[in-house]
$ cat upload11.txt   # compact mmCIF, C-alpha atoms and all ligand atoms
# COMPACT_ATOMS: atom_id res chain seq x y z
CA MET A 1 86.05 174.54 97.53
CA ALA A 2 89.44 174.29 99.25
CA ILE A 3 91.83 171.69 97.89
CA VAL A 4 93.22 169.38 100.55
CA GLU A 5 95.62 166.45 100.59
CA GLY A 6 93.96 163.35 99.19
CA ASP A 7 91.95 165.28 96.59
CA ILE A 8 92.33 164.48 92.91
CA VAL A 9 93.78 167.51 91.19
CA LEU A 10 94.96 168.78 87.87
CA ALA A 11 98.34 170.43 88.45
CA ARG A 12 99.53 172.89 85.77
CA CYS A 13 103.23 173.63 85.75
CA GLY A 14 105.33 175.19 82.97
CA GLY A 15 102.88 174.29 80.21
CA THR A 16 102.46 170.66 81.37
CA THR A 17 99.48 169.26 83.23
CA TYR A 18 99.58 166.38 85.70
CA GLU A 19 96.52 164.61 87.05
CA GLY A 20 96.72 162.73 90.29
CA VAL A 21 96.27 162.72 94.04
CA LEU A 22 97.63 165.64 96.04
CA MET A 23 100.05 164.15 98.56
CA PRO A 24 101.54 165.49 101.77
CA SER A 25 105.00 166.96 101.27
CA THR A 26 108.00 167.18 103.53
CA THR A 27 110.14 169.14 101.06
CA GLY A 28 107.99 172.22 100.46
CA LYS A 29 107.23 171.01 96.92
CA THR A 30 103.73 170.29 95.66
CA VAL A 31 103.60 166.51 95.40
CA VAL A 32 101.15 164.74 93.11
CA LYS A 33 100.83 160.94 92.93
CA LEU A 34 100.30 160.18 89.25
CA LYS A 35 98.12 157.35 87.96
CA ASN A 36 101.22 155.26 87.20
CA GLY A 37 102.05 155.27 90.92
CA TYR A 38 105.03 157.63 90.73
CA ASN A 39 105.09 160.87 92.72
CA ILE A 40 106.07 164.12 91.06
CA GLY A 41 107.37 167.09 93.06
CA LEU A 42 106.60 170.54 91.55
CA GLU A 43 107.94 173.96 92.61
CA PRO A 44 104.92 175.51 94.39
CA GLY A 45 105.51 178.99 92.89
CA ASN A 46 105.00 177.61 89.37
CA VAL A 47 101.97 175.40 90.03
CA THR A 48 98.26 176.04 89.81
CA LEU A 49 95.91 173.37 91.11
CA GLU A 50 92.42 172.62 89.88
CA LEU A 51 90.13 170.34 91.86
CA ILE A 52 88.89 167.32 89.91
CA ASP A 53 87.35 165.23 92.70
CA LYS A 54 87.10 165.18 96.47
CA LYS A 55 88.54 161.84 97.54
CA SER A 56 88.75 162.04 101.28
CA GLU A 57 86.52 159.01 101.74
CA LEU A 58 88.70 156.54 99.84
CA LYS A 59 87.65 153.02 100.81
CA GLY A 60 89.09 149.58 100.19
CA PRO A 61 87.24 146.96 98.17
CA GLN A 62 84.00 145.87 99.83
CA ILE A 63 84.33 142.11 99.79
CA GLU A 64 83.10 139.58 102.30
CA LEU A 65 85.75 137.11 103.31
CA PRO A 66 84.72 133.47 103.13
CA ALA A 67 84.68 131.46 106.37
CA PRO A 68 87.79 129.27 106.87
CA ASN A 69 87.51 126.11 104.81
CA PRO A 70 88.34 123.00 106.87
CA LYS A 71 89.45 121.19 103.71
CA LEU A 72 92.22 123.73 103.01
CA PRO A 73 95.66 123.75 104.64
CA ASN A 74 96.52 126.38 107.25
CA ILE A 75 99.23 128.88 106.44
CA SER A 76 100.81 131.39 108.80
CA ILE A 77 101.89 134.69 107.31
CA LEU A 78 104.60 136.50 109.26
CA SER A 79 105.10 140.04 108.10
CA THR A 80 108.37 141.89 108.52
CA GLY A 81 107.56 144.92 106.36
CA GLY A 82 109.07 146.06 103.07
CA THR A 83 107.27 147.04 99.90
CA ILE A 84 105.04 143.96 99.85
CA ALA A 85 103.48 144.94 103.17
CA SER A 86 102.90 148.54 102.28
CA LYS A 87 99.74 150.28 101.33
CA VAL A 88 99.46 153.97 100.68
CA ASP A 89 96.82 156.00 102.46
CA TYR A 90 96.05 158.69 99.94
CA ARG A 91 94.60 160.99 102.58
CA THR A 92 97.77 161.13 104.65
CA GLY A 93 100.40 159.78 102.30
CA ALA A 94 101.45 157.38 105.02
CA VAL A 95 102.73 153.99 104.01
CA THR A 96 101.36 151.39 106.40
CA SER A 97 101.61 147.65 106.81
CA GLN A 98 98.73 145.39 105.82
CA PHE A 99 99.03 143.49 109.00
CA THR A 100 95.92 141.43 109.55
CA ALA A 101 95.16 138.34 107.56
CA GLU A 102 91.97 140.14 106.59
CA ASP A 103 93.88 143.09 105.13
CA ILE A 104 96.00 140.80 103.02
CA LEU A 105 93.07 138.67 101.87
CA LEU A 106 90.98 141.71 101.03
CA ALA A 107 93.81 142.99 98.90
CA ILE A 108 94.47 139.59 97.25
CA PRO A 109 91.20 137.56 97.42
CA GLU A 110 92.63 134.76 95.20
CA LEU A 111 94.63 133.65 98.23
CA THR A 112 91.47 132.38 99.92
CA GLU A 113 91.18 129.58 97.35
CA ILE A 114 94.59 128.20 98.34
CA ALA A 115 94.57 128.05 102.14
CA ASN A 116 93.26 129.42 105.42
CA TYR A 117 95.50 132.07 106.90
CA ASN A 118 96.59 133.38 110.19
CA ALA A 119 98.82 136.46 110.00
CA ARG A 120 101.01 138.34 112.38
CA VAL A 121 103.29 141.33 112.19
CA CYS A 122 106.77 140.60 113.49
CA TYR A 123 108.30 143.84 112.23
CA SER A 124 107.18 146.80 110.17
CA ILE A 125 110.52 147.83 108.77
CA LEU A 126 112.26 148.33 105.49
CA SER A 127 114.63 145.42 105.20
CA GLU A 128 117.72 147.63 105.19
CA ASN A 129 116.88 148.05 108.90
CA MET A 130 116.97 144.30 109.60
CA ARG A 131 119.42 143.17 112.25
CA PRO A 132 120.82 139.73 113.10
CA GLU A 133 118.92 139.72 116.41
CA TYR A 134 115.68 140.18 114.44
CA TRP A 135 116.47 136.96 112.55
CA VAL A 136 116.50 135.19 115.90
CA LYS A 137 113.05 136.43 116.89
CA LEU A 138 111.70 135.63 113.45
CA ALA A 139 113.08 132.08 113.64
CA GLU A 140 111.38 131.67 117.03
CA GLU A 141 108.09 132.90 115.57
CA VAL A 142 108.38 130.45 112.67
CA ASN A 143 109.15 127.65 115.10
CA ASN A 144 106.10 128.53 117.23
CA GLU A 145 103.79 128.63 114.22
CA ILE A 146 104.97 125.23 112.98
CA LYS A 147 104.64 123.77 116.49
CA ALA A 148 101.10 125.17 116.64
CA GLY A 149 100.24 123.19 113.49
CA ALA A 150 100.86 125.52 110.52
CA ASP A 151 101.08 123.55 107.29
CA GLY A 152 103.33 126.19 105.78
CA ILE A 153 104.83 129.58 106.54
CA ILE A 154 104.98 132.69 104.38
CA ILE A 155 107.37 135.43 105.47
CA THR A 156 106.79 138.75 103.76
CA HIS A 157 110.02 140.73 103.64
CA GLY A 158 111.65 143.71 101.93
CA THR A 159 113.67 142.61 98.94
CA ASP A 160 116.90 144.49 99.70
CA THR A 161 118.16 142.11 102.38
CA MET A 162 115.84 139.18 101.90
CA MET A 163 118.80 136.95 100.99
CA TYR A 164 120.45 137.54 104.37
CA THR A 165 117.29 136.73 106.35
CA ALA A 166 116.38 133.75 104.19
CA ALA A 167 119.88 132.35 104.65
CA ALA A 168 119.75 132.97 108.41
CA ILE A 169 116.40 131.16 108.78
CA ALA A 170 117.71 128.32 106.60
CA PHE A 171 120.70 127.86 108.96
CA MET A 172 118.60 128.22 112.12
CA ILE A 173 115.65 125.95 111.37
CA LYS A 174 115.23 122.41 110.14
CA THR A 175 111.70 122.38 108.87
CA PRO A 176 109.10 119.70 108.12
CA VAL A 177 106.93 122.23 106.18
CA PRO A 178 107.60 124.89 103.52
CA ILE A 179 108.96 128.23 104.75
CA VAL A 180 108.55 130.71 101.92
CA PHE A 181 109.97 134.23 101.71
CA VAL A 182 108.21 136.66 99.41
CA GLY A 183 108.55 140.33 98.64
CA SER A 184 107.76 142.76 95.92
CA GLN A 185 109.77 145.18 93.87
CA ARG A 186 106.84 147.50 93.14
CA SER A 187 104.22 148.55 95.65
CA ALA A 188 100.52 147.73 95.44
CA ASP A 189 99.55 151.22 94.26
CA ARG A 190 101.50 150.80 91.01
CA PRO A 191 99.91 149.14 87.99
CA SER A 192 103.05 147.05 87.49
CA SER A 193 103.03 145.83 91.09
CA ASP A 194 104.29 142.30 91.52
CA ASN A 195 102.92 141.87 95.03
CA ALA A 196 99.72 139.92 94.28
CA MET A 197 101.27 137.47 91.84
CA ASN A 198 104.29 136.87 94.07
CA ALA A 199 102.03 136.32 97.09
CA ILE A 200 99.77 133.88 95.21
CA CYS A 201 102.77 131.89 93.94
CA ALA A 202 104.28 131.94 97.45
CA ALA A 203 101.03 130.53 98.85
CA LYS A 204 101.15 127.74 96.25
CA VAL A 205 104.66 126.83 97.42
CA ALA A 206 103.64 127.11 101.08
CA VAL A 207 101.02 124.38 100.56
CA SER A 208 103.33 122.26 98.37
CA ASP A 209 105.63 119.38 99.24
CA ILE A 210 108.79 121.57 99.22
CA ALA A 211 109.75 121.59 102.90
CA GLU A 212 112.70 123.97 102.61
CA VAL A 213 113.39 127.65 103.14
CA THR A 214 112.74 129.22 99.76
CA VAL A 215 112.31 132.60 98.14
CA VAL A 216 109.49 132.98 95.61
CA MET A 217 109.67 135.98 93.28
CA HIS A 218 108.87 136.89 89.66
CA GLY A 219 110.81 134.69 87.23
CA SER A 220 110.47 136.94 84.18
CA THR A 221 109.40 140.46 83.32
CA SER A 222 105.96 139.17 82.40
CA ASP A 223 103.32 137.96 84.80
CA ASP A 224 103.75 134.34 83.73
CA PHE A 225 105.74 132.50 86.42
CA CYS A 226 107.66 132.84 89.65
CA HIS A 227 110.93 131.12 90.43
CA ILE A 228 111.38 129.12 93.60
CA HIS A 229 114.90 129.77 94.88
CA ARG A 230 116.78 128.13 97.74
CA GLY A 231 117.03 130.64 100.57
CA ALA A 232 120.82 130.35 100.87
CA LYS A 233 121.55 130.54 97.15
CA ILE A 234 120.02 133.77 95.96
CA ARG A 235 120.90 137.34 95.31
CA LYS A 236 118.93 140.42 94.31
CA MET A 237 120.58 141.23 90.97
CA HIS A 238 118.67 144.30 89.86
CA THR A 239 117.50 147.42 91.61
CA SER A 240 114.05 147.61 90.10
CA ARG A 241 113.18 144.76 87.76
CA ARG A 242 110.51 142.41 89.00
CA ASP A 243 112.64 139.37 88.11
CA ALA A 244 115.54 140.76 90.15
CA PHE A 245 116.22 137.59 92.14
CA GLN A 246 118.48 134.91 90.74
CA SER A 247 119.82 131.66 92.08
CA ILE A 248 123.61 131.91 91.99
CA ASN A 249 125.78 128.85 91.27
CA SER A 250 122.65 126.74 91.07
CA ARG A 251 119.49 126.45 89.07
CA PRO A 252 116.40 127.68 90.86
CA LEU A 253 114.74 124.86 92.78
CA GLY A 254 111.71 125.17 90.55
CA ARG A 255 108.97 127.44 89.24
CA VAL A 256 105.30 128.19 89.80
CA GLU A 257 103.25 128.87 86.69
CA TYR A 258 100.86 131.80 86.90
CA PRO A 259 97.90 131.82 87.04
CA SER A 260 97.56 128.00 87.01
CA GLY A 261 99.73 127.57 90.12
CA GLU A 262 101.34 124.44 88.69
CA ILE A 263 104.72 123.74 90.26
CA ASN A 264 107.66 122.22 88.38
CA THR A 265 110.92 121.45 90.17
CA TYR A 266 114.43 121.21 88.72
CA LEU A 267 116.36 120.00 91.76
CA ASP A 268 115.86 117.37 94.40
CA TYR A 269 114.45 118.83 97.59
CA LYS A 270 113.39 117.95 101.13
CA ARG A 271 109.79 116.73 101.21
CA ARG A 272 107.07 117.63 103.68
CA GLY A 273 107.61 115.70 106.92
CA GLU A 274 111.07 114.44 105.90
CA GLN A 275 112.83 116.41 108.66
CA GLU A 276 111.83 116.89 112.29
CA LEU A 277 111.34 120.48 113.37
CA SER A 278 114.40 121.82 115.18
CA ILE A 279 115.70 125.29 115.87
CA ASN A 280 119.15 126.59 116.68
CA THR A 281 119.29 130.37 116.85
CA ASN A 282 122.69 130.84 118.52
CA ILE A 283 124.64 133.39 116.55
CA GLU A 284 127.68 135.60 116.90
CA PRO A 285 126.68 138.82 115.11
CA ARG A 286 130.17 140.33 115.43
CA CYS A 287 131.31 139.12 112.01
CA THR A 288 132.04 141.25 109.00
CA LEU A 289 132.52 141.18 105.25
CA VAL A 290 135.65 142.86 103.88
CA LYS A 291 135.84 143.57 100.19
CA TYR A 292 139.30 143.65 98.67
CA THR A 293 139.72 146.44 96.12
CA THR A 294 142.74 147.45 94.10
CA GLY A 295 145.08 149.43 96.32
CA ALA A 296 143.07 148.78 99.51
CA SER A 297 145.15 148.97 102.65
CA PRO A 298 145.61 145.65 104.47
CA GLU A 299 145.22 147.58 107.69
CA MET A 300 141.49 147.15 107.16
CA LEU A 301 142.08 143.59 108.31
CA LEU A 302 143.71 144.78 111.54
CA PHE A 303 140.68 146.88 112.28
CA ALA A 304 138.34 144.02 111.38
CA SER A 305 140.17 141.44 113.49
CA ALA A 306 140.31 143.80 116.48
CA ASN A 307 136.57 144.40 116.34
CA TYR A 308 135.04 141.20 114.98
CA LYS A 309 135.09 137.49 115.76
CA GLY A 310 135.05 136.32 112.17
CA ILE A 311 135.80 137.77 108.74
CA VAL A 312 134.54 136.93 105.27
CA LEU A 313 136.89 138.25 102.64
CA GLU A 314 135.49 139.09 99.24
CA GLY A 315 138.50 138.54 97.03
CA THR A 316 139.01 138.93 93.31
CA GLY A 317 138.58 136.16 90.72
CA LEU A 318 139.28 132.73 92.15
CA GLY A 319 139.65 134.32 95.60
CA HIS A 320 142.66 136.62 95.70
CA VAL A 321 143.96 139.67 97.50
CA SER A 322 147.21 141.52 96.94
CA THR A 323 150.34 139.85 98.35
CA GLU A 324 150.76 142.64 100.88
CA TRP A 325 147.54 141.44 102.54
CA VAL A 326 148.88 137.94 103.18
CA PRO A 327 150.86 138.65 106.40
CA TYR A 328 147.81 140.47 107.75
CA ILE A 329 145.63 137.45 107.02
CA GLU A 330 148.15 135.33 108.89
CA ARG A 331 148.09 137.64 111.90
CA THR A 332 144.30 137.52 111.87
CA THR A 333 143.95 133.74 111.73
CA GLN A 334 146.73 133.29 114.29
CA ALA A 335 144.76 135.55 116.61
CA GLY A 336 141.93 132.97 116.33
CA VAL A 337 139.73 135.00 113.98
CA PRO A 338 138.58 132.82 111.05
CA VAL A 339 138.94 134.28 107.54
CA ILE A 340 136.72 132.81 104.83
CA VAL A 341 137.55 133.70 101.24
CA THR A 342 134.72 134.27 98.76
CA SER A 343 134.74 135.83 95.32
CA GLN A 344 133.53 139.10 93.89
CA CYS A 345 132.67 137.16 90.72
CA ILE A 346 129.86 135.47 92.70
CA ASN A 347 129.45 132.96 89.86
CA GLY A 348 131.90 130.08 90.18
CA ARG A 349 133.94 128.56 92.96
CA VAL A 350 136.83 129.93 94.98
CA CYS A 351 140.04 128.06 94.27
CA ASP A 352 143.14 129.37 95.97
CA ARG A 353 145.36 126.57 94.78
CA VAL A 354 145.98 127.89 91.27
CA TYR A 355 148.01 131.07 91.69
CA ASP A 356 150.76 131.92 94.16
CA THR A 357 148.71 134.54 95.97
CA GLY A 358 145.94 132.02 96.50
CA ARG A 359 148.32 129.41 97.88
CA ASP A 360 149.85 132.01 100.19
CA ILE A 361 146.40 133.00 101.43
CA LEU A 362 145.68 129.37 102.29
CA LYS A 363 149.08 129.02 104.00
CA ALA A 364 148.16 132.10 106.02
CA GLY A 365 145.22 130.11 107.43
CA ALA A 366 142.31 131.38 105.35
CA LEU A 367 139.58 129.01 104.25
CA GLU A 368 138.04 128.72 100.79
CA GLY A 369 134.34 129.56 100.88
CA GLU A 370 133.67 127.23 97.93
CA ASP A 371 130.77 128.58 95.83
CA MET A 372 128.99 130.40 98.65
CA LEU A 373 127.78 133.92 98.10
CA PRO A 374 129.82 136.33 100.24
CA GLU A 375 126.76 137.48 102.22
CA VAL A 376 125.65 133.90 102.78
CA ALA A 377 129.15 133.01 104.01
CA LEU A 378 128.85 135.96 106.41
CA VAL A 379 125.50 134.79 107.81
CA LYS A 380 126.83 131.25 108.04
CA LEU A 381 129.95 132.41 109.87
CA MET A 382 127.75 134.22 112.41
CA TRP A 383 125.77 131.03 112.88
CA ALA A 384 128.88 128.81 113.03
CA LEU A 385 130.53 131.04 115.65
CA GLY A 386 127.25 130.89 117.58
CA GLN A 387 127.63 127.10 117.76
CA THR A 388 131.26 126.95 118.86
CA SER A 389 134.24 129.19 119.43
CA ASP A 390 136.66 126.37 118.64
CA PHE A 391 138.58 127.49 115.54
CA ASP A 392 138.74 124.01 113.99
CA GLU A 393 135.07 123.29 114.66
CA VAL A 394 134.11 126.60 113.03
CA LYS A 395 136.21 125.65 110.01
CA LYS A 396 134.52 122.26 109.84
CA LEU A 397 131.06 123.83 109.95
CA MET A 398 132.02 126.38 107.30
CA LEU A 399 133.03 123.55 104.97
CA THR A 400 129.86 121.51 105.59
CA ASP A 401 126.78 122.17 103.52
CA ILE A 402 124.11 123.02 106.09
CA ALA A 403 121.24 124.49 104.07
CA GLY A 404 122.07 124.04 100.40
CA GLU A 405 124.44 127.03 100.47
CA MET A 406 127.33 125.08 98.93
CA THR A 407 127.10 122.89 95.88
CA ARG A 408 129.62 120.14 95.42
CA SER A 409 130.73 120.85 91.93
CA SER A 410 130.48 123.95 89.82
CA ARG A 411 130.40 121.93 86.65
CA THR A 412 126.62 121.83 86.54
CA SER A 413 126.28 125.24 88.09
CA GLY A 414 128.25 128.40 87.52
CA VAL A 415 125.38 129.23 85.24
CA ILE A 416 125.37 132.94 84.61
CA HIS A 417 121.70 133.85 84.33
CA ASN A 418 122.54 137.02 82.54
CA ASN A 419 119.22 137.84 80.98
CA PHE A 420 119.09 141.55 81.76
N1 LIG B 501 113.95 148.93 100.59
C1 LIG B 501 112.83 148.03 100.56
C2 LIG B 501 113.11 146.90 101.53
O1 LIG B 501 113.97 146.11 101.30
C3 LIG B 501 112.59 147.54 99.19
C4 LIG B 501 111.58 146.43 99.11
O2 LIG B 501 110.82 146.16 99.98
O3 LIG B 501 111.54 145.78 98.11
O4 LIG B 501 112.45 146.81 102.52

$ encode --input "upload11.txt" --output "structure tokens" --more "lines below"
Ligand code: ASP
Amino acid sequence: MAIVEGDIVLARCGGTTYEGVLMPSTTGKTVVKLKNGYNIGLEPGNVTLELIDKKSELKGPQIELPAPNPKLPNISILSTGGTIASKVDYRTGAVTSQFTAEDILLAIPELTEIANYNARVCYSILSENMRPEYWVKLAEEVNNEIKAGADGIIITHGTDTMMYTAAAIAFMIKTPVPIVFVGSQRSADRPSSDNAMNAICAAKVAVSDIAEVTVVMHGSTSDDFCHIHRGAKIRKMHTSRRDAFQSINSRPLGRVEYPSGEINTYLDYKRRGEQELSINTNIEPRCTLVKYTTGASPEMLLFASANYKGIVLEGTGLGHVSTEWVPYIERTTQAGVPVIVTSQCINGRVCDRVYDTGRDILKAGALEGEDMLPEVALVKLMWALGQTSDFDEVKKLMLTDIAGEMTRSSRTSGVIHNNF
């Protein structure tokens, strides 16, 4: 019988055998998806294939979904794509979004014990393809769902740029209900996938009293708890580990035990109903982040100020750049383009009053970005310039804590969660 894509095969190559699903290939190699979820590409000339099983009729689990339970809260799931939304079709190799509530609930039936769901696809993209204008539409969708009575929102999102979108939504929306971002580092077809546990913990937070924009992701390498992070205080700190997300310059807001779902909080937070719903999506996307590196030409700043309305500078240490950059900073700020200094250290607070270069940078009109993450300062600058083009007003907004992005003192923070 002919072997076709989707069949389970035994591939023999150079004395080694690999069992798995024969996948479509775009590279001319013979691609086999192994049981551990990884794909292996083999040179076709060296491979012989033996058919183990015809699998063209692969079906999902046959479960009946329960009817909505009027006693449970109603959660809206807005999908933007990323690994958490992907499922692999072994017949075609295509990665598709699980876009209906039914798809998600069939994949993770435990969710039905927590809430009733209504789900919608906003985007089906990898998060590296996110754009500031997509944040705006997403914020509008969130606003509509809350207005329509959702008791909580879950936003599924790729992990790569989740911190930008979470920060953007935190600046754009004041929320009376939880808005929870969740993603996964490993897709559903891999035994070590984190998507179900992250989604279950996210649902627990979405029905909780924590009415803030948060990110819920694995808190350790085991399947024992998820951390609840503030949306404007996180960074993805590892390319592949499931506990890649860390709160920077702050403790996480709390944690969700798994599988019990018990929530413990470490910080004070806004409670359900404490704030009225309001939305402000005005942004100026023409802002950029410039990283100072040893020997970098200050002319980068000329280019940036000619093409952008605001600049976040990622300086060294306490927030420094080489002295030859200072006159360029001055030219930039005098041209009405705000320059916000952040640090490449990410942990700790910018303080440009200690060394000469720092003082000169401040004299040149730059602003200290306190303990904000550089990318959060960038999103905030876009939002601030969307509110006003008045230089002093922008400065005032940049120095006001809007969404928990700045902590007052680093004494209790500056915690380096270096557990890798
Ligand atoms: N590149 C993917 C994304 O950010 C990775 C992920 O989803 O985790 O969309």

$ residues_around --input "upload11.txt" --residues "Gly82 of chain A" --least-positions-apart "5" --cutoff "9 Å" --atoms "all atoms listed in the file" --output "VMD selection string"
chain A and resid 97 124 to 127 156 to 160 183 to 184

$ write_last_selection --input "upload11.txt" --atoms "C-alpha atoms" --output "short mmCIF file (atom, residue, chain, number, x, y, z; two decimals), in the frame of the given file"
data_model
loop_
_atom_site.label_atom_id
_atom_site.label_comp_id
_atom_site.auth_asym_id
_atom_site.auth_seq_id
_atom_site.Cartn_x
_atom_site.Cartn_y
_atom_site.Cartn_z
CA SER A 97 101.61 147.65 106.81
CA SER A 124 107.18 146.80 110.17
CA ILE A 125 110.52 147.83 108.77
CA LEU A 126 112.26 148.33 105.49
CA SER A 127 114.63 145.42 105.20
CA THR A 156 106.79 138.75 103.76
CA HIS A 157 110.02 140.73 103.64
CA GLY A 158 111.65 143.71 101.93
CA THR A 159 113.67 142.61 98.94
CA ASP A 160 116.90 144.49 99.70
CA GLY A 183 108.55 140.33 98.64
CA SER A 184 107.76 142.76 95.92
#

$ residues_around --input "upload11.txt" --residues "segment 29-31 of chain A" --least-positions-apart "4" --cutoff "12 Å" --atoms "all atoms listed in the file" --output "MDAnalysis selection string"
chainID A and resid 4:13 18:25 38:49 90 93

$ closest_residue --input "upload11.txt" --among "A:Ile329, A:Ile52, A:Leu138, A:Leu399" --to "Gly365 of chain A" --atoms "all atoms listed in the file"
A:Ile329

$ residues_near_ligand --input "upload11.txt" --ligand "ligand LIG 501 (chain B)" --cutoff "12 Å" --atoms "only C-alpha atoms and all ligand atoms" --output "PyMOL selection string"
chain A and resi 79-87+95+97+123-130+156-165+182-188+193-195+217+236+238-245

$ atom_distance --input "upload11.txt" --atom1 "atom CA of Asp209 of chain A" --atom2 "atom CA of Val177 of chain A"
7.6 Å

$ residues_near_point --input "upload11.txt" --point "(108.7, 130.4, 92.7)" --cutoff "10 Å" --atoms "only C-alpha atoms" --output "ChimeraX atom specification"
/A:180-182,198-205,214-219,225-230,252-258,261,263-265

$ closest_residue --input "upload11.txt" --among "A:Ala304, A:Ala232, A:Leu65, A:Leu277" --to "Gly149 of chain A" --atoms "all atoms listed in the file"
A:Leu277

$ decode --input "upload11.txt" --residues "segment 233-280 of chain A" --atoms "C-alpha atoms" --output "PDB file, in the first residue's frame"
ATOM      1  CA  LYS A 233       6.023  44.260  34.658  1.00  0.00           C
ATOM      2  CA  ILE A 234       7.019  41.106  32.851  1.00  0.00           C
ATOM      3  CA  ARG A 235       9.564  39.817  30.438  1.00  0.00           C
ATOM      4  CA  LYS A 236      10.072  36.520  28.646  1.00  0.00           C
ATOM      5  CA  MET A 237      13.464  35.497  30.052  1.00  0.00           C
ATOM      6  CA  HIS A 238      14.089  32.190  28.341  1.00  0.00           C
ATOM      7  CA  THR A 239      13.636  30.956  24.805  1.00  0.00           C
ATOM      8  CA  SER A 240      12.141  27.584  25.607  1.00  0.00           C
ATOM      9  CA  ARG A 241      11.608  26.928  29.302  1.00  0.00           C
ATOM     10  CA  ARG A 242       8.006  26.737  30.400  1.00  0.00           C
ATOM     11  CA  ASP A 243       8.684  29.088  33.330  1.00  0.00           C
ATOM     12  CA  ALA A 244      10.182  31.665  30.960  1.00  0.00           C
ATOM     13  CA  PHE A 245       8.158  34.633  32.224  1.00  0.00           C
ATOM     14  CA  GLN A 246       9.368  36.637  35.184  1.00  0.00           C
ATOM     15  CA  SER A 247       8.147  39.750  36.912  1.00  0.00           C
ATOM     16  CA  ILE A 248      10.966  42.285  36.743  1.00  0.00           C
ATOM     17  CA  ASN A 249      11.567  44.771  39.583  1.00  0.00           C
ATOM     18  CA  SER A 250       8.558  43.355  41.383  1.00  0.00           C
ATOM     19  CA  ARG A 251       7.332  40.133  42.867  1.00  0.00           C
ATOM     20  CA  PRO A 252       4.694  38.391  40.814  1.00  0.00           C
ATOM     21  CA  LEU A 253       1.220  39.499  41.865  1.00  0.00           C
ATOM     22  CA  GLY A 254       0.478  35.974  43.007  1.00  0.00           C
ATOM     23  CA  ARG A 255       0.271  32.317  42.049  1.00  0.00           C
ATOM     24  CA  VAL A 256      -2.290  29.682  41.136  1.00  0.00           C
ATOM     25  CA  GLU A 257      -1.689  26.213  42.529  1.00  0.00           C
ATOM     26  CA  TYR A 258      -2.209  23.357  40.115  1.00  0.00           C
ATOM     27  CA  PRO A 259      -4.361  21.321  40.019  1.00  0.00           C
ATOM     28  CA  SER A 260      -6.247  22.722  43.052  1.00  0.00           C
ATOM     29  CA  GLY A 261      -6.660  26.167  41.459  1.00  0.00           C
ATOM     30  CA  GLU A 262      -6.087  27.896  44.800  1.00  0.00           C
ATOM     31  CA  ILE A 263      -4.899  31.476  44.359  1.00  0.00           C
ATOM     32  CA  ASN A 264      -2.432  33.187  46.696  1.00  0.00           C
ATOM     33  CA  THR A 265      -1.481  36.833  46.182  1.00  0.00           C
ATOM     34  CA  TYR A 266       1.697  38.632  47.242  1.00  0.00           C
ATOM     35  CA  LEU A 267       0.813  42.206  46.307  1.00  0.00           C
ATOM     36  CA  ASP A 268      -2.161  44.459  46.754  1.00  0.00           C
ATOM     37  CA  TYR A 269      -4.316  44.570  43.641  1.00  0.00           C
ATOM     38  CA  LYS A 270      -7.434  46.148  42.159  1.00  0.00           C
ATOM     39  CA  ARG A 271     -10.543  44.176  43.092  1.00  0.00           C
ATOM     40  CA  ARG A 272     -13.450  43.209  40.879  1.00  0.00           C
ATOM     41  CA  GLY A 273     -15.729  46.213  40.396  1.00  0.00           C
ATOM     42  CA  GLU A 274     -13.273  48.664  41.993  1.00  0.00           C
ATOM     43  CA  GLN A 275     -12.734  50.574  38.730  1.00  0.00           C
ATOM     44  CA  GLU A 276     -15.267  51.653  36.124  1.00  0.00           C
ATOM     45  CA  LEU A 277     -14.654  50.335  32.631  1.00  0.00           C
ATOM     46  CA  SER A 278     -12.939  52.924  30.436  1.00  0.00           C
ATOM     47  CA  ILE A 279     -10.901  52.705  27.278  1.00  0.00           C
ATOM     48  CA  ASN A 280      -8.374  55.037  25.728  1.00  0.00           C
TER      49      ASN A 280
END
